[in-house]
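Q: Below: one structure in structure tokens.
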Amino acid sequence: MKTKVGIIGAGPAGLMLSHLLHLEGIESVILEKRSRKDIEGTIRAGVLEQGTVDLLIASGVGERMMREGHTHHGIELQFNGVRHRVNMHELTEGKSIMVYPQHEVIKDLVAARLKAGGEILFNADNVSLHDVDKQSPKIRFQYDDSDHELSCDFIIGCDGYHGPSRKEIPDSIRKEKQHIYPFGWLGILAKTSIANPELIYSNHDRGFALISTRTPEIQRHYIQVDRNDDINIWSDDRIWTELKARVETSDGWTLPDGPILQKNIVSMRSFVCEPMQYGRLFFAGDAAHIVPPTGAKGLNLAMTDVHQVLQRGIERFYKTGSEDLLDRYSDIALRRVWKAQRFSNYMTTMLHRNVNHSPFERGIQLSELDYVTSSRAALTSLSENYIGLPLEWEA
Ligand code: FAD
Ligand code: DHB
């Protein structure tokens, strides 16, 4: 088999790249180890930055999102039992975020690729990469019980944090920088009514809590737990008790509850792999970087990796033969990645209860929240990062 661009992984990064390349007339093949049902059913992100919303619309896959998603003009930050609204719309000159689940974005992109005749090979097994530092790299894999080889001009590793592609960078070149947080997030999907018109990020003595939404009938909420907790120690009753305690306010507001449809725990890390390119192999999304979810940046960063540089760099290569933009991919992408790391670390540190903190450190944390919610300058900074920093279009 032969194609121009071989993409490993049908997450947001891989699917969006394949879609954008198709719009430029460049063919690609996606190899995905899971089934279509699996990737379309995995519950993860919920918040799309303004830039991601614009990209989905401009590339023709935003119609259902505009119909079914929820536009939010701000968030609420809660501490000491009091809520503070952050009016992001006003602070960013009219921008907003969209609450539209990641698996719905995946469904829209898969449908668009298949409708356009795009090739996504689901259940591709034992993917391995070869000759990535040569002009014609190859991917070997098993599909339909037989062995295959795909020759490409470029391979793009969009295979998430646990995928095989990153390990192709020799140890002598690859630098992995990471920070592990002592927290985990227990996320639930529950059948209950919308709790609040906007997301609530709450710092509480008992730990962080986040109130989000999916549809008018289904809600998505999170609580900070120990990263090593087994989900079985968290009964539905215990989860609701904890959520309610962490988001209740002094004016008597209560959180609506209901049957929990799904619950799981994710651990939290910050991770950056440098560089994001080796020879004809490029990395995008979680394959190259992980952020803790408090800043709602992971999916959005995956989208900008492919949109800001990769798509344009590949397009330029096929139009002019020049690899100059692709050669700068890593430098350009990493500038944005580090800014998102900084913001995600800031939000995580400010909002989570750290049991190792001294009373002094706890005092500083609450004072940070007091400052950020009372200073227009600080609120503007938080808002422009949360909504998404502008893309830097380099020539
Ligand atoms: P992935 O979505 O991980 O996709 C990688 C794909 O590669 C997978 O389908 C996988 O099956 C496939 N793959 C792996 N190995 C192989 C292999 N060997 N062969 C073939 N295929 C392979 N981000 C936001 O922007 N906003 C949010 O609100 C937000 N909230 C989050 C909440 C939670 C609880 C979590 C866990 C994450 C959240 N994120 C959020 C982060 C976001 O979900 C990820 O950053 C995003 O999925 C990254 O997309 P990706 O395409 O890079 O990787
Ligand atoms: C959701 C996830 C996040 O990480 C976040 O910061 C806000 C909302 C969500 O799943 O709805």
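Just so we're on the same page: first chain in the structure tokens is A, next is B, and so on; residues restart at 1 for each chain, and ligands are numbered from 1 in the order they show up.
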Using only C-alpha atoms, determine which residues lie at most 9 Å from Phe343 of chain A, disregarding the query and same-chain residues fewer than 5 positions distant; provide the list as a list in words.
A: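 Those residues are Gly295, Lys297, Trp338, Thr348, Leu382, Asn385 and Tyr386 of chain A.
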Q: Give me the residues of chain A that have any atom at most 10 Å from an atom of ligand 2; for each, the nearest atom pair and the distance in Å, rounded to one decimal. Use only C-alpha atoms and all ligand atoms, sort by chain and number, and format it as a Markdown table.
A:
```
| residue | atom | partner | partner_atom_place_in_ligand_line | distance |
| --- | --- | --- | --- | --- |
| A:Ile43 | CA | ligand 2 | 10 (O) | 8.0 |
| A:Arg44 | CA | ligand 2 | 10 (O) | 6.0 |
| A:Ala45 | CA | ligand 2 | 10 (O) | 4.4 |
| A:Gly46 | CA | ligand 2 | 9 (C) | 3.8 |
| A:Val47 | CA | ligand 2 | 8 (C) | 5.3 |
| A:Leu48 | CA | ligand 2 | 8 (C) | 9.1 |
| A:Ile75 | CA | ligand 2 | 7 (C) | 9.6 |
| A:Met98 | CA | ligand 2 | 11 (O) | 9.9 |
| A:Val99 | CA | ligand 2 | 11 (O) | 6.6 |
| A:Tyr100 | CA | ligand 2 | 11 (O) | 8.0 |
| A:Pro101 | CA | ligand 2 | 10 (O) | 7.1 |
| A:Gln102 | CA | ligand 2 | 10 (O) | 8.4 |
| A:Trp185 | CA | ligand 2 | 4 (O) | 9.4 |
| A:Gly187 | CA | ligand 2 | 10 (O) | 8.1 |
| A:Ile188 | CA | ligand 2 | 10 (O) | 9.3 |
| A:Leu189 | CA | ligand 2 | 10 (O) | 9.4 |
| A:Leu199 | CA | ligand 2 | 7 (C) | 7.1 |
| A:Ile200 | CA | ligand 2 | 7 (C) | 8.7 |
| A:Tyr201 | CA | ligand 2 | 6 (O) | 8.2 |
| A:Leu210 | CA | ligand 2 | 7 (C) | 7.1 |
| A:Ile211 | CA | ligand 2 | 8 (C) | 7.6 |
| A:Ser212 | CA | ligand 2 | 11 (O) | 4.7 |
| A:Thr213 | CA | ligand 2 | 11 (O) | 5.8 |
| A:Arg214 | CA | ligand 2 | 11 (O) | 7.0 |
| A:Gln219 | CA | ligand 2 | 11 (O) | 8.4 |
| A:Arg220 | CA | ligand 2 | 11 (O) | 5.7 |
| A:His221 | CA | ligand 2 | 11 (O) | 7.1 |
| A:Tyr222 | CA | ligand 2 | 10 (O) | 8.1 |
| A:Val291 | CA | ligand 2 | 4 (O) | 9.6 |
| A:Pro292 | CA | ligand 2 | 4 (O) | 7.7 |
| A:Pro293 | CA | ligand 2 | 4 (O) | 3.9 |
| A:Thr294 | CA | ligand 2 | 6 (O) | 4.3 |
| A:Gly295 | CA | ligand 2 | 6 (O) | 5.0 |
| A:Ala296 | CA | ligand 2 | 6 (O) | 3.9 |
| A:Lys297 | CA | ligand 2 | 4 (O) | 7.5 |
| A:Gly298 | CA | ligand 2 | 4 (O) | 8.3 |
| A:Leu299 | CA | ligand 2 | 4 (O) | 9.6 |
| A:Ser344 | CA | ligand 2 | 6 (O) | 9.2 |
| A:Met347 | CA | ligand 2 | 6 (O) | 9.3 |
| A:Thr348 | CA | ligand 2 | 6 (O) | 9.7 |
| A:Tyr386 | CA | ligand 2 | 6 (O) | 9.1 |
```
Q: Show me, as a tab-separated table, the residues of chain A having an atom within 7 Å of ligand 1, each with the closest atom pair and its distance in Å, using only C-alpha atoms and all ligand atoms.
A:
```
residue	atom	partner	partner_atom_place_in_ligand_line	distance
A:Ile8	CA	ligand 1	20 (C)	5.3
A:Gly9	CA	ligand 1	7 (O)	3.3
A:Ala10	CA	ligand 1	9 (O)	4.7
A:Gly11	CA	ligand 1	4 (O)	3.4
A:Pro12	CA	ligand 1	51 (O)	3.9
A:Ala13	CA	ligand 1	51 (O)	3.8
A:Gly14	CA	ligand 1	51 (O)	5.7
A:Leu31	CA	ligand 1	20 (C)	5.4
A:Glu32	CA	ligand 1	21 (N)	3.8
A:Lys33	CA	ligand 1	20 (C)	3.9
A:Arg34	CA	ligand 1	11 (O)	5.1
A:Ile39	CA	ligand 1	9 (O)	5.8
A:Arg44	CA	ligand 1	33 (C)	4.6
A:Ala45	CA	ligand 1	30 (N)	3.3
A:Gly46	CA	ligand 1	28 (O)	4.1
A:Val47	CA	ligand 1	28 (O)	3.9
A:Leu48	CA	ligand 1	26 (N)	5.9
A:Gln102	CA	ligand 1	43 (O)	6.8
A:Ala124	CA	ligand 1	20 (C)	6.2
A:Asp125	CA	ligand 1	19 (N)	6.4
A:Asn126	CA	ligand 1	18 (N)	6.4
A:Val127	CA	ligand 1	19 (N)	5.2
A:Cys158	CA	ligand 1	52 (O)	5.5
A:Asp159	CA	ligand 1	7 (O)	3.4
A:Gly160	CA	ligand 1	3 (O)	3.8
A:Tyr161	CA	ligand 1	3 (O)	6.5
A:His162	CA	ligand 1	15 (N)	6.0
A:Gly163	CA	ligand 1	15 (N)	3.8
A:Pro164	CA	ligand 1	18 (N)	5.4
A:Trp185	CA	ligand 1	34 (C)	6.9
A:Gly187	CA	ligand 1	34 (C)	6.4
A:Val266	CA	ligand 1	36 (C)	6.0
A:Ala284	CA	ligand 1	52 (O)	6.1
A:Gly285	CA	ligand 1	52 (O)	3.3
A:Asp286	CA	ligand 1	52 (O)	3.9
A:Ala287	CA	ligand 1	52 (O)	5.9
A:Ile290	CA	ligand 1	45 (O)	6.6
A:Pro293	CA	ligand 1	31 (C)	4.9
A:Ala296	CA	ligand 1	26 (N)	3.6
A:Lys297	CA	ligand 1	25 (O)	3.8
A:Gly298	CA	ligand 1	45 (O)	3.2
A:Leu299	CA	ligand 1	25 (O)	3.4
A:Asn300	CA	ligand 1	25 (O)	4.1
A:Leu301	CA	ligand 1	25 (O)	6.6
A:Ala302	CA	ligand 1	52 (O)	5.1
```
Q: Selection from above, C-alpha atoms, as a JSON list (two decimals), in the first residue's frame, can you write it?
A:
```
[["chain", "number", "residue", "atom", "x", "y", "z"],
["A", 8, "ILE", "CA", -1.41, 6.65, 13.39],
["A", 9, "GLY", "CA", -4.45, 7.19, 15.64],
["A", 10, "ALA", "CA", -8.03, 8.33, 14.99],
["A", 11, "GLY", "CA", -8.34, 10.77, 17.88],
["A", 12, "PRO", "CA", -9.07, 14.47, 17.37],
["A", 13, "ALA", "CA", -5.52, 15.12, 16.07],
["A", 14, "GLY", "CA", -5.39, 12.32, 13.50],
["A", 31, "LEU", "CA", -4.53, 3.41, 11.22],
["A", 32, "GLU", "CA", -6.51, 3.08, 14.45],
["A", 33, "LYS", "CA", -6.10, 0.19, 16.86],
["A", 34, "ARG", "CA", -9.60, 0.44, 18.35],
["A", 39, "ILE", "CA", -13.57, 5.67, 19.69],
["A", 44, "ARG", "CA", -13.35, 12.64, 27.57],
["A", 45, "ALA", "CA", -13.18, 16.36, 26.85],
["A", 46, "GLY", "CA", -16.06, 18.81, 26.84],
["A", 47, "VAL", "CA", -14.75, 22.33, 26.28],
["A", 48, "LEU", "CA", -13.81, 23.64, 22.84],
["A", 102, "GLN", "CA", -15.11, 15.07, 22.31],
["A", 124, "ALA", "CA", -5.30, -2.15, 12.99],
["A", 125, "ASP", "CA", -2.98, -4.24, 15.16],
["A", 126, "ASN", "CA", 0.72, -4.30, 15.97],
["A", 127, "VAL", "CA", 1.52, -1.03, 14.25],
["A", 158, "CYS", "CA", -1.34, 11.00, 16.59],
["A", 159, "ASP", "CA", -1.46, 7.92, 18.79],
["A", 160, "GLY", "CA", -1.90, 9.51, 22.20],
["A", 161, "TYR", "CA", 0.33, 9.27, 25.26],
["A", 162, "HIS", "CA", 0.64, 5.44, 25.19],
["A", 163, "GLY", "CA", 1.15, 5.05, 21.42],
["A", 164, "PRO", "CA", 4.31, 3.58, 19.89],
["A", 185, "TRP", "CA", -10.19, 13.31, 38.77],
["A", 187, "GLY", "CA", -15.59, 12.00, 36.42],
["A", 266, "VAL", "CA", -8.03, 9.63, 35.57],
["A", 284, "ALA", "CA", 0.68, 15.83, 17.29],
["A", 285, "GLY", "CA", -1.63, 15.98, 20.31],
["A", 286, "ASP", "CA", -1.27, 13.75, 23.36],
["A", 287, "ALA", "CA", 1.48, 11.74, 21.63],
["A", 290, "ILE", "CA", -0.25, 15.96, 28.09],
["A", 293, "PRO", "CA", -7.53, 18.76, 32.37],
["A", 296, "ALA", "CA", -9.47, 22.31, 29.22],
["A", 297, "LYS", "CA", -6.57, 22.47, 26.76],
["A", 298, "GLY", "CA", -5.66, 18.92, 25.57],
["A", 299, "LEU", "CA", -8.02, 18.47, 22.63],
["A", 300, "ASN", "CA", -7.64, 22.10, 21.68],
["A", 301, "LEU", "CA", -3.85, 21.81, 21.56],
["A", 302, "ALA", "CA", -4.15, 18.66, 19.44]]
```
Q: For Val372 of chain A, list every protein, DNA or RNA residue within 10 Å, evaluated using only C-alpha atoms, and leave out those in the same chain fewer than 3 positions away; present the list as a PyMOL selection string.
A: chain A and resi 77+84+86+366-369+375-382
Q: Using the selection just defined, write its residues with N, CA and C atoms as a CSV table (one decimal), in the first residue's frame.
A:
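Just written: again-v2.csv:
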```csv
chain,number,residue,atom,x,y,z
A,77,LEU,N,-15.8,30.8,39.2
A,77,LEU,CA,-14.8,30.3,40.1
A,77,LEU,C,-15.4,30.4,41.5
A,84,HIS,N,-17.8,33.5,41.8
A,84,HIS,CA,-17.4,34.7,41.2
A,84,HIS,C,-17.4,34.5,39.7
A,86,VAL,N,-16.7,34.9,35.8
A,86,VAL,CA,-15.7,35.5,34.9
A,86,VAL,C,-16.3,35.7,33.6
A,366,LEU,N,-5.5,30.8,48.4
A,366,LEU,CA,-6.8,31.5,48.5
A,366,LEU,C,-6.6,32.9,48.1
A,367,SER,N,-5.5,33.5,48.5
A,367,SER,CA,-5.2,34.9,48.1
A,367,SER,C,-5.1,35.0,46.6
A,368,GLU,N,-4.5,34.0,45.9
A,368,GLU,CA,-4.4,34.0,44.4
A,368,GLU,C,-5.8,34.1,43.8
A,369,LEU,N,-6.8,33.3,44.4
A,369,LEU,CA,-8.1,33.3,43.9
A,369,LEU,C,-8.8,34.6,44.2
A,375,SER,N,-9.2,41.4,40.1
A,375,SER,CA,-8.4,42.3,39.3
A,375,SER,C,-8.8,42.1,37.8
A,376,ARG,N,-9.1,43.2,37.2
A,376,ARG,CA,-9.5,43.1,35.8
A,376,ARG,C,-8.3,42.5,34.9
A,377,ALA,N,-7.1,43.0,35.3
A,377,ALA,CA,-6.0,42.5,34.5
A,377,ALA,C,-5.8,41.0,34.7
A,378,ALA,N,-5.9,40.5,35.9
A,378,ALA,CA,-5.8,39.0,36.1
A,378,ALA,C,-6.9,38.3,35.4
A,379,LEU,N,-8.1,38.8,35.5
A,379,LEU,CA,-9.3,38.1,34.9
A,379,LEU,C,-9.1,38.1,33.4
A,380,THR,N,-8.5,39.2,32.8
A,380,THR,CA,-8.3,39.2,31.3
A,380,THR,C,-7.3,38.2,31.0
A,381,SER,N,-6.2,38.0,31.8
A,381,SER,CA,-5.2,37.1,31.5
A,381,SER,C,-5.8,35.6,31.5
A,382,LEU,N,-6.5,35.4,32.6
A,382,LEU,CA,-7.1,34.0,32.7
A,382,LEU,C,-8.1,33.8,31.5
```
Q: Name the residues of segment 20-228 of chain A that fall into helix (DSSP H, G or I) according to DSSP on the backbone, using the chain letters and numbers of this document, as an NGL selection string.
A: :A and (20-23 or 36-41 or 50-58 or 63-68 or 88-91 or 102-115 or 165-168)
Q: Create the file for the chosen residues now, containing C-alpha atoms and written as a PDB file, in the first residue's frame.
A:
```
ATOM      1  CA  LEU A  20      -7.793  19.156   6.511  1.00  0.00           C
ATOM      2  CA  LEU A  21      -5.333  17.419   4.146  1.00  0.00           C
ATOM      3  CA  HIS A  22      -8.262  16.047   2.147  1.00  0.00           C
ATOM      4  CA  LEU A  23      -9.628  19.585   1.742  1.00  0.00           C
ATOM      5  CA  ARG A  36     -15.164   2.745  15.412  1.00  0.00           C
ATOM      6  CA  LYS A  37     -17.722   2.043  18.170  1.00  0.00           C
ATOM      7  CA  ASP A  38     -15.004   2.329  20.803  1.00  0.00           C
ATOM      8  CA  ILE A  39     -13.565   5.666  19.691  1.00  0.00           C
ATOM      9  CA  GLU A  40     -17.042   7.115  19.190  1.00  0.00           C
ATOM     10  CA  GLY A  41     -18.072   6.077  22.714  1.00  0.00           C
ATOM     11  CA  GLN A  50     -13.134  29.628  20.173  1.00  0.00           C
ATOM     12  CA  GLY A  51     -10.377  28.698  17.669  1.00  0.00           C
ATOM     13  CA  THR A  52     -11.425  25.025  17.629  1.00  0.00           C
ATOM     14  CA  VAL A  53     -15.053  26.035  17.090  1.00  0.00           C
ATOM     15  CA  ASP A  54     -13.991  28.317  14.209  1.00  0.00           C
ATOM     16  CA  LEU A  55     -11.885  25.532  12.684  1.00  0.00           C
ATOM     17  CA  LEU A  56     -14.709  22.979  12.834  1.00  0.00           C
ATOM     18  CA  ILE A  57     -17.089  25.442  11.165  1.00  0.00           C
ATOM     19  CA  ALA A  58     -14.617  26.656   8.517  1.00  0.00           C
ATOM     20  CA  GLU A  63     -23.023  22.005  11.738  1.00  0.00           C
ATOM     21  CA  ARG A  64     -24.129  19.535  14.444  1.00  0.00           C
ATOM     22  CA  MET A  65     -21.935  21.260  17.035  1.00  0.00           C
ATOM     23  CA  MET A  66     -23.686  24.561  16.317  1.00  0.00           C
ATOM     24  CA  ARG A  67     -27.066  22.842  16.675  1.00  0.00           C
ATOM     25  CA  GLU A  68     -26.422  20.663  19.730  1.00  0.00           C
ATOM     26  CA  MET A  88     -14.910  35.959  29.306  1.00  0.00           C
ATOM     27  CA  HIS A  89     -17.027  37.260  26.457  1.00  0.00           C
ATOM     28  CA  GLU A  90     -16.525  40.819  27.613  1.00  0.00           C
ATOM     29  CA  LEU A  91     -12.878  40.369  28.638  1.00  0.00           C
ATOM     30  CA  GLN A 102     -15.107  15.074  22.309  1.00  0.00           C
ATOM     31  CA  HIS A 103     -16.822  11.856  21.166  1.00  0.00           C
ATOM     32  CA  GLU A 104     -19.343  13.918  19.191  1.00  0.00           C
ATOM     33  CA  VAL A 105     -16.457  15.775  17.484  1.00  0.00           C
ATOM     34  CA  ILE A 106     -14.986  12.340  16.706  1.00  0.00           C
ATOM     35  CA  LYS A 107     -18.309  11.132  15.241  1.00  0.00           C
ATOM     36  CA  ASP A 108     -18.570  14.237  13.039  1.00  0.00           C
ATOM     37  CA  LEU A 109     -14.998  13.878  11.759  1.00  0.00           C
ATOM     38  CA  VAL A 110     -15.273  10.114  11.125  1.00  0.00           C
ATOM     39  CA  ALA A 111     -18.528  10.665   9.203  1.00  0.00           C
ATOM     40  CA  ALA A 112     -16.939  13.434   7.110  1.00  0.00           C
ATOM     41  CA  ARG A 113     -13.850  11.331   6.306  1.00  0.00           C
ATOM     42  CA  LEU A 114     -15.869   8.261   5.318  1.00  0.00           C
ATOM     43  CA  LYS A 115     -18.333  10.300   3.255  1.00  0.00           C
ATOM     44  CA  SER A 165       5.437   6.451  17.641  1.00  0.00           C
ATOM     45  CA  ARG A 166       7.192   8.723  20.171  1.00  0.00           C
ATOM     46  CA  LYS A 167       9.685   5.968  21.029  1.00  0.00           C
ATOM     47  CA  GLU A 168      11.065   6.192  17.464  1.00  0.00           C
TER      48      GLU A 168
END
```
